[in-house]
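**Student:** So that you have it, the file is work_2.cif, and it contains mmCIF, C-alpha atoms:
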data_start
loop_
_atom_site.label_atom_id
_atom_site.label_comp_id
_atom_site.auth_asym_id
_atom_site.auth_seq_id
_atom_site.Cartn_x
_atom_site.Cartn_y
_atom_site.Cartn_z
CA MET A 541 72.41 104.69 98.79
CA HIS A 542 75.51 106.38 100.12
CA MET A 543 77.63 108.48 97.83
CA GLU A 544 80.46 106.59 96.16
CA PHE A 545 83.62 107.89 94.49
CA THR A 546 85.93 106.27 91.95
CA ILE A 547 89.61 106.63 91.11
CA ALA A 548 91.24 104.89 88.16
CA ASN A 549 94.34 104.48 86.05
CA ASN A 550 95.27 102.13 83.21
CA HIS A 551 95.67 99.20 85.62
CA ILE A 552 92.92 99.32 88.26
CA THR A 553 89.66 101.08 89.09
CA VAL A 554 88.82 101.60 92.76
CA THR A 555 85.50 102.71 94.26
CA ALA A 556 84.84 103.68 97.88
CA SER A 557 81.83 104.95 99.80
CA ARG A 558 81.33 107.80 102.23
CA LEU A 559 79.72 105.21 104.52
CA GLY A 560 82.65 103.92 106.56
CA ALA A 561 85.10 105.12 103.87
CA GLU A 562 84.67 101.50 102.78
CA LEU A 563 86.07 100.05 99.58
CA ARG A 564 83.21 99.00 97.33
CA ALA A 565 85.02 97.64 94.26
CA VAL A 566 88.49 96.98 92.90
CA ASN A 567 88.59 95.97 89.23
CA SER A 568 91.50 95.33 86.91
CA ALA A 569 91.82 96.49 83.32
CA ASP A 570 90.98 92.95 82.13
CA GLY A 571 87.65 93.07 84.00
CA THR A 572 88.64 90.99 87.03
CA SER A 573 86.65 91.87 90.14
CA PHE A 574 88.96 91.45 93.12
CA LEU A 575 86.72 92.67 95.95
CA TRP A 576 83.87 90.61 97.42
CA GLN A 577 80.63 92.33 96.45
CA GLY A 578 78.67 91.55 99.59
CA ASN A 579 75.80 89.13 99.98
CA PRO A 580 73.27 89.82 102.76
CA ASP A 581 72.62 86.09 103.10
CA ILE A 582 76.31 85.42 103.87
CA TRP A 583 78.28 88.58 104.69
CA ALA A 584 76.85 91.90 103.59
CA ASP A 585 80.02 93.95 104.08
CA ARG A 586 82.89 94.32 101.63
CA ALA A 587 85.86 95.95 103.35
CA PRO A 588 84.97 97.66 106.64
CA ILE A 589 87.56 99.80 108.40
CA LEU A 590 87.80 98.92 112.09
CA PHE A 591 88.11 101.90 114.46
CA PRO A 592 88.42 102.74 117.33
CA TYR A 593 88.21 99.10 118.50
CA ILE A 594 88.73 95.79 116.77
CA ALA A 595 86.24 92.93 117.17
CA ARG A 596 84.25 92.35 120.34
CA LEU A 597 84.07 93.93 123.77
CA THR A 598 82.74 91.84 126.66
CA ASP A 599 79.06 92.84 127.05
CA GLY A 600 79.74 95.48 124.38
CA GLN A 601 81.24 97.67 127.14
CA TYR A 602 84.55 99.08 128.31
CA ASN A 603 85.68 101.32 131.17
CA PHE A 604 87.62 104.56 130.96
CA ASN A 605 88.34 107.04 133.75
CA GLY A 606 85.77 105.42 136.01
CA LYS A 607 82.94 105.51 133.47
CA GLN A 608 81.48 102.72 131.36
CA TYR A 609 80.90 103.13 127.63
CA ALA A 610 79.15 101.00 125.02
CA LEU A 611 80.80 100.40 121.66
CA PRO A 612 79.60 98.10 118.84
CA MET A 613 81.76 95.38 117.39
CA HIS A 614 84.59 96.89 115.29
CA GLY A 615 83.75 100.36 116.59
CA PHE A 616 81.66 103.07 114.95
CA ALA A 617 83.76 103.76 111.85
CA PRO A 618 81.97 101.14 109.67
CA THR A 619 78.59 102.83 110.26
CA SER A 620 79.78 106.45 110.21
CA GLU A 621 79.32 108.84 107.30
CA PHE A 622 82.71 110.27 106.33
CA GLU A 623 83.27 113.57 104.55
CA MET A 624 84.97 113.64 101.17
CA LYS A 625 87.93 115.90 101.92
CA ALA A 626 89.93 115.80 98.67
CA LYS A 627 89.94 113.90 95.39
CA ASN A 628 91.74 113.72 92.08
CA GLU A 629 91.95 111.03 89.37
CA THR A 630 94.19 108.69 91.36
CA GLY A 631 93.59 109.60 95.00
CA MET A 632 90.90 110.48 97.52
CA ILE A 633 90.73 111.32 101.22
CA PHE A 634 87.77 110.61 103.50
CA SER A 635 87.53 112.28 106.90
CA LEU A 636 85.66 111.58 110.15
CA ALA A 637 85.81 114.01 113.08
CA SER A 638 84.61 113.26 116.59
CA ASN A 639 81.06 114.48 117.16
CA SER A 640 78.19 114.20 119.64
CA HIS A 641 77.48 110.63 118.51
CA THR A 642 81.07 109.38 118.75
CA LEU A 643 81.64 111.08 122.10
CA LYS A 644 78.78 109.09 123.65
CA HIS A 645 80.64 105.89 122.79
CA TYR A 646 84.26 107.03 122.87
CA PRO A 647 85.30 110.04 125.01
CA PHE A 648 88.06 111.40 122.80
CA ASP A 649 88.30 114.23 120.30
CA PHE A 650 89.96 112.99 117.13
CA LEU A 651 90.27 113.43 113.39
CA PHE A 652 90.40 110.18 111.40
CA GLU A 653 91.36 110.27 107.72
CA VAL A 654 91.38 107.42 105.24
CA MET A 655 93.35 108.05 102.06
CA TYR A 656 93.27 105.89 98.94
CA GLU A 657 96.03 106.26 96.34
CA ILE A 658 96.63 104.13 93.26
CA ARG A 659 99.98 103.69 91.53
CA GLU A 660 99.87 101.34 88.56
CA ASN A 661 98.44 98.09 90.03
CA ILE A 662 98.98 99.08 93.67
CA LEU A 663 96.39 100.51 96.06
CA VAL A 664 97.66 102.26 99.18
CA GLN A 665 95.15 102.70 102.01
CA THR A 666 96.53 105.11 104.63
CA TYR A 667 94.97 105.74 108.03
CA THR A 668 95.81 109.00 109.82
CA ILE A 669 94.55 109.55 113.37
CA LYS A 670 95.05 112.89 115.09
CA ASN A 671 94.54 113.09 118.84
CA LEU A 672 92.92 116.47 119.49
CA ASN A 673 92.92 115.92 123.27
CA LYS A 674 95.55 116.96 125.80
CA ASP A 675 95.56 113.47 127.26
CA THR A 676 96.50 110.11 125.75
CA MET A 677 94.01 108.45 123.42
CA TYR A 678 93.68 104.63 123.23
CA PHE A 679 92.44 102.82 120.13
CA GLY A 680 92.72 99.97 117.68
CA ILE A 681 92.83 100.24 113.90
CA GLY A 682 92.41 97.50 111.34
CA ALA A 683 91.37 96.54 107.83
CA HIS A 684 88.78 93.86 106.95
CA PRO A 685 88.68 93.54 103.14
CA GLY A 686 87.03 90.51 101.56
CA PHE A 687 88.48 89.22 98.30
CA ASN A 688 86.79 87.02 95.74
CA VAL A 689 88.05 83.42 95.77
CA PRO A 690 88.33 82.26 93.07
CA MET A 691 89.47 85.30 91.10
CA ASP A 692 89.72 83.25 87.90
CA ASP A 693 87.12 81.03 86.24
CA SER A 694 89.77 78.32 85.83
CA ALA A 695 90.26 77.88 89.60
CA CYS A 696 88.17 76.84 92.61
CA PHE A 697 88.34 77.90 96.26
CA GLU A 698 90.51 74.95 97.29
CA ASP A 699 93.14 75.86 94.66
CA TYR A 700 94.02 78.98 96.65
CA TYR A 701 96.55 79.55 99.40
CA LEU A 702 98.01 82.30 101.52
CA GLU A 703 101.79 82.54 101.42
CA PHE A 704 103.99 84.70 103.62
CA GLU A 705 106.98 86.35 102.01
CA LYS A 706 109.45 84.71 104.43
CA PRO A 707 109.49 81.47 106.44
CA CYS A 708 107.94 81.99 109.87
CA SER A 709 106.59 80.25 112.97
CA PRO A 710 103.23 81.95 113.61
CA VAL A 711 101.33 81.89 116.85
CA ARG A 712 97.55 81.56 116.67
CA ILE A 713 95.77 83.80 119.19
CA GLY A 714 93.46 81.74 121.39
CA PHE A 715 89.77 82.61 121.07
CA SER A 716 86.73 81.33 122.94
CA GLU A 717 83.77 79.95 120.98
CA ASP A 718 82.19 83.40 121.13
CA CYS A 719 85.38 85.09 119.84
CA PHE A 720 86.97 86.57 122.94
CA LEU A 721 90.57 86.08 124.05
CA ASN A 722 90.99 82.99 126.21
CA GLY A 723 94.78 83.01 126.64
CA ASN A 724 95.27 79.69 124.83
CA ASP A 725 97.72 80.90 122.18
CA ILE A 726 99.30 78.02 120.27
CA PRO A 727 101.85 77.52 117.46
CA TYR A 728 100.24 77.46 114.02
CA PRO A 729 102.49 75.51 111.66
CA LEU A 730 102.46 76.38 107.96
CA LEU A 731 103.36 74.30 104.94
CA ALA A 732 107.10 74.77 104.43
CA LYS A 733 106.83 77.50 107.14
CA LYS A 734 105.23 79.83 104.60
CA LYS A 735 101.97 78.56 103.13
CA LEU A 736 98.39 78.04 104.33
CA LEU A 737 96.13 76.06 101.98
CA LEU A 738 92.56 77.35 101.89
CA SER A 739 89.48 75.23 102.51
CA HIS A 740 86.01 76.27 103.60
CA ASN A 741 86.12 74.27 106.84
CA LEU A 742 89.26 76.15 107.93
CA PHE A 743 86.88 78.74 109.40
CA ASP A 744 84.43 76.43 111.19
CA ASN A 745 85.73 77.85 114.49
CA ASP A 746 85.59 81.42 113.14
CA ALA A 747 88.58 83.63 112.41
CA ILE A 748 92.21 82.52 112.49
CA VAL A 749 94.24 85.35 114.03
CA LEU A 750 98.02 85.08 113.78
CA THR A 751 100.99 86.97 115.16
CA ASP A 752 104.78 86.54 114.86
CA ILE A 753 104.45 86.76 111.09
CA PRO A 754 106.11 88.69 108.25
CA ASP A 755 104.45 91.92 107.13
CA CYS A 756 103.44 90.67 103.68
CA VAL A 757 101.14 87.85 102.58
CA THR A 758 99.99 86.80 99.10
CA LEU A 759 96.64 85.29 98.12
CA GLY A 760 97.30 83.13 95.08
CA SER A 761 96.39 79.83 93.45
CA LYS A 762 98.03 76.96 91.63
CA HIS A 763 95.79 77.45 88.57
CA GLY A 764 94.62 81.05 88.32
CA LYS A 765 96.76 83.87 86.96
CA HIS A 766 95.63 86.56 89.40
CA ARG A 767 96.94 87.15 92.91
CA ILE A 768 96.78 89.80 95.62
CA CYS A 769 99.71 90.79 97.81
CA VAL A 770 98.88 92.53 101.09
CA TYR A 771 101.53 94.54 102.98
CA TYR A 772 100.90 95.75 106.55
CA PRO A 773 104.24 97.04 107.87
CA ASP A 774 103.05 98.36 111.26
CA LEU A 775 100.22 95.98 112.16
CA LYS A 776 101.27 92.93 114.18
CA TYR A 777 98.16 90.73 113.91
CA LEU A 778 96.57 89.17 110.85
CA GLY A 779 93.01 87.85 110.82
CA ILE A 780 91.94 85.35 108.16
CA TRP A 781 88.23 84.67 107.89
CA HIS A 782 85.11 83.88 106.01
CA MET A 783 81.65 83.23 107.44
CA PRO A 784 81.85 79.92 109.35
CA HIS A 785 79.98 76.86 108.09
CA THR A 786 79.51 78.28 104.59
CA THR A 787 81.05 77.67 101.19
CA ALA A 788 81.21 81.41 100.53
CA ASN A 789 83.55 82.35 97.69
CA TYR A 790 85.61 84.99 99.47
CA ILE A 791 88.27 85.35 102.11
CA CYS A 792 89.04 88.30 104.37
CA ILE A 793 92.67 89.26 104.95
CA GLU A 794 92.64 91.50 108.02
CA PRO A 795 95.71 93.33 109.34
CA TRP A 796 95.00 94.51 112.89
CA SER A 797 96.85 96.67 115.40
CA SER A 798 95.23 95.03 118.42
CA LEU A 799 92.92 92.34 119.73
CA PRO A 800 89.40 92.04 121.22
CA SER A 801 88.54 91.80 124.91
CA ARG A 802 89.46 88.96 127.15
CA LYS A 803 86.66 86.50 127.82
CA GLY A 804 84.40 87.66 130.65
CA ILE A 805 86.36 90.86 131.35
CA VAL A 806 85.07 94.36 130.72
CA GLU A 807 88.37 95.97 129.77
CA ASP A 808 89.81 99.20 131.12
CA LEU A 809 90.73 100.94 127.89
CA GLU A 810 93.94 102.49 129.24
CA LYS A 811 95.13 99.13 130.61
CA GLN A 812 94.46 96.86 127.62
CA LYS A 813 98.05 96.05 126.73
CA ASP A 814 97.83 95.72 122.93
CA LEU A 815 95.85 98.92 122.22
CA LEU A 816 97.68 101.79 120.56
CA SER A 817 98.26 104.83 122.77
CA LEU A 818 98.62 108.24 121.19
CA PRO A 819 99.77 111.19 123.33
CA GLY A 820 97.78 114.41 123.31
CA GLY A 821 98.22 116.49 120.16
CA GLU A 822 100.10 113.69 118.34
CA THR A 823 99.33 111.96 115.02
CA TYR A 824 99.43 108.24 114.16
CA LYS A 825 99.74 107.09 110.58
CA THR A 826 99.92 103.64 108.99
CA SER A 827 99.24 102.12 105.59
CA VAL A 828 97.95 98.83 104.23
CA ILE A 829 99.17 98.27 100.67
CA PHE A 830 97.49 95.99 98.14
CA GLU A 831 99.13 94.83 94.94
CA PHE A 832 96.70 93.34 92.40
CA VAL A 833 98.32 91.08 89.80
#
So, in terms of structure tokens, how does the structure I just supplied come out?
**Tutor:**
Amino acid sequence: MHMEFTIANNHITVTASRLGAELRAVNSADGTSFLWQGNPDIWADRAPILFPYIARLTDGQYNFNGKQYALPMHGFAPTSEFEMKAKNETGMIFSLASNSHTLKHYPFDFLFEVMYEIRENILVQTYTIKNLNKDTMYFGIGAHPGFNVPMDDSACFEDYYLEFEKPCSPVRIGFSEDCFLNGNDIPYPLLAKKKLLLSHNLFDNDAIVLTDIPDCVTLGSKHGKHRICVYYPDLKYLGIWHMPHTTANYICIEPWSSLPSRKGIVEDLEKQKDLLSLPGGETYKTSVIFEFV
């Protein structure tokens, strides 16, 4: 059992673990459990943080400066033990520094901090990445929280929808059957240009990853009273997922900075066009903001 820490106010209680700095629970004052609680038979995780790479690498490998490195899906952050750097009643900061293990998989010196802050019914999750090298560092960062659907006893999974804050014309990123980029990006029409109705078979071909979208989406239902608004002002891709071919009662809302490898290509890290690049000595910071209603 990895050490867990809790922050709370009169509106929400939030628990996170040193393992992966992962959210473990978000509960409202009325007892509503918003966060998926993991089920090893379906999806054991709850809200992994994806760093320094998002999703899959071809053959689990990439190239950098003429050398080949192996990196697991979603990088090493989800399986790394973070330090608890600071905590008070309504905030906490977890920290992961590069070490002998990370350097085997990722040849950069870095400091990665995950901060949780609560303000009334809002949870702010801030990622801060410091490049401790002289040279440019390349990475992806993303969130992967699973939320209970339904959130209310009076609703069922099919009552729920995702709704963007403004009308839009999303593009769905083309994925192969084994979840690599295949270049077949297509328009993804929404109901009234804003709404996606949820059904379990939506995910039979795995994740739906969208771009050209507003930076806020709401998970709500036509019957239940609770909803979750997710804001991701700097992250241009949004993954929507639950385990394919199941009737699992959760959905993941995943803001991402970047995409997985192209099908059949072992990527050169410095050439992958959508990765973030951070000059030596610089700091990158972004937040994902959750409003629980």
**Student:** Which residue gives the smallest distance to A:Lys825 among A:Ala610, A:Ala595, A:Leu809, A:Ile681, with all atoms listed in the file counted?
**Tutor:**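 Distance minimum relative to A:Lys825 lands on A:Ile681.
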**Student:** I'd like the contact shell of A:Asp649 - 12 Å cut-off, only C-alpha atoms, skipping same-chain residues fewer than 3 positions apart - returned as a PyMOL selection string.
**Tutor:** chain A and resi 592+636-646+652+669-678+818+820-822
**Student:** Box time for stretch 601-610 of chain A: axis-aligned, enclosing all its listed atoms, 3 Å extra on each side; report centre and edge lengths in Å to one decimal, as JSON.
**Tutor:**
{"center_x": 83.7, "center_y": 102.4, "center_z": 130.5, "size_x": 15.2, "size_y": 15.4, "size_z": 17.0}
**Student:** Of the candidates A:Asp570, A:Glu660, A:Asp699, A:Asp774, which shows the shortest atom-to-atom distance to A:His740, using all atoms listed in the file?
**Tutor:**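 Residue with the minimum atom-to-atom distance to A:His740: A:Asp699.
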**Student:** For the interface of stretch 769-807 of chain A with stretch 701-712 of chain A (cut-off 12 Å, counting all atoms listed in the file), please tabulate each contacting residue of stretch 769-807 of chain A alongside its nearest pair of atoms and their separation in Å to one decimal, rows sorted by chain and increasing number, as CSV.
**Tutor:**
residue,atom,partner,partner_atom,distance
A:Cys769,CA,A:Glu703,CA,9.2
A:Val770,CA,A:Phe704,CA,9.7
A:Tyr771,CA,A:Glu705,CA,9.9
A:Tyr772,CA,A:Phe704,CA,11.8
A:Lys776,CA,A:Pro710,CA,11.2
A:Tyr777,CA,A:Arg712,CA,9.6
A:Leu778,CA,A:Arg712,CA,9.6
A:Gly779,CA,A:Arg712,CA,9.7
A:Ile780,CA,A:Leu702,CA,9.5
A:Trp781,CA,A:Leu702,CA,11.9
A:Ile791,CA,A:Leu702,CA,10.2
A:Cys792,CA,A:Leu702,CA,11.2
A:Ile793,CA,A:Leu702,CA,9.4
**Student:** What would the selection look like, as a VMD selection string, if the PyMOL selection byres ((chain A and resi 578-591) around 9) were run on the coordinates I just shared?
**Tutor:** chain A and resid 560 to 565 575 to 577 592 to 595 613 to 619 679 to 687 782 to 783 786 788 792 796
**Student:** So which residues fall inside 10 Å of (81.8, 93.2, 125.9) if we count only C-alpha atoms? Mind giving them as a list in words?
**Tutor:**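 Every residue inside that radius is included here: Ala595, Arg596, Leu597, Thr598, Asp599, Gly600, Gln601, Tyr602, Ala610, Leu611, Pro612, Met613, Phe720, Pro800, Ser801, Arg802, Lys803, Gly804, Ile805, Val806 and Glu807 of chain A.
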**Student:** Can you tell me, as a short mmCIF file (atom, residue, chain, number, x, y, z; two decimals) with C-alpha atoms, in the frame of the given file, what residues are no more than 8 Å from stretch 547-555 of chain A when counting all atoms listed in the file, ignoring any on the same chain fewer than 4 positions away?
**Tutor:**
data_model
loop_
_atom_site.label_atom_id
_atom_site.label_comp_id
_atom_site.auth_asym_id
_atom_site.auth_seq_id
_atom_site.Cartn_x
_atom_site.Cartn_y
_atom_site.Cartn_z
CA LEU A 563 86.07 100.05 99.58
CA ARG A 564 83.21 99.00 97.33
CA ALA A 565 85.02 97.64 94.26
CA VAL A 566 88.49 96.98 92.90
CA ASN A 567 88.59 95.97 89.23
CA SER A 568 91.50 95.33 86.91
CA ALA A 569 91.82 96.49 83.32
CA ASN A 628 91.74 113.72 92.08
CA GLU A 629 91.95 111.03 89.37
CA THR A 630 94.19 108.69 91.36
CA GLY A 631 93.59 109.60 95.00
CA MET A 632 90.90 110.48 97.52
CA ILE A 658 96.63 104.13 93.26
CA ARG A 659 99.98 103.69 91.53
CA GLU A 660 99.87 101.34 88.56
CA ASN A 661 98.44 98.09 90.03
#
**Student:** Between atom CA of A:Lys813 and atom CA of A:Ser798, what is the distance in Å, rounded to a tenth?
**Tutor:**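 Distance reported for this atom pair: 8.8 Å.
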**Student:** Pick out the closest residue to A:Asn603 from this set: A:Ser827, A:Pro784, A:Leu731, A:Lys811. Count only C-alpha atoms.
**Tutor:**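 The answer is A:Lys811, which sits nearest to A:Asn603.
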**Student:** So how many Å separate atom CA of A:Tyr790 and atom CA of A:Leu663, to one decimal?
**Tutor:**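 Distance between the two atoms: 19.2 Å.
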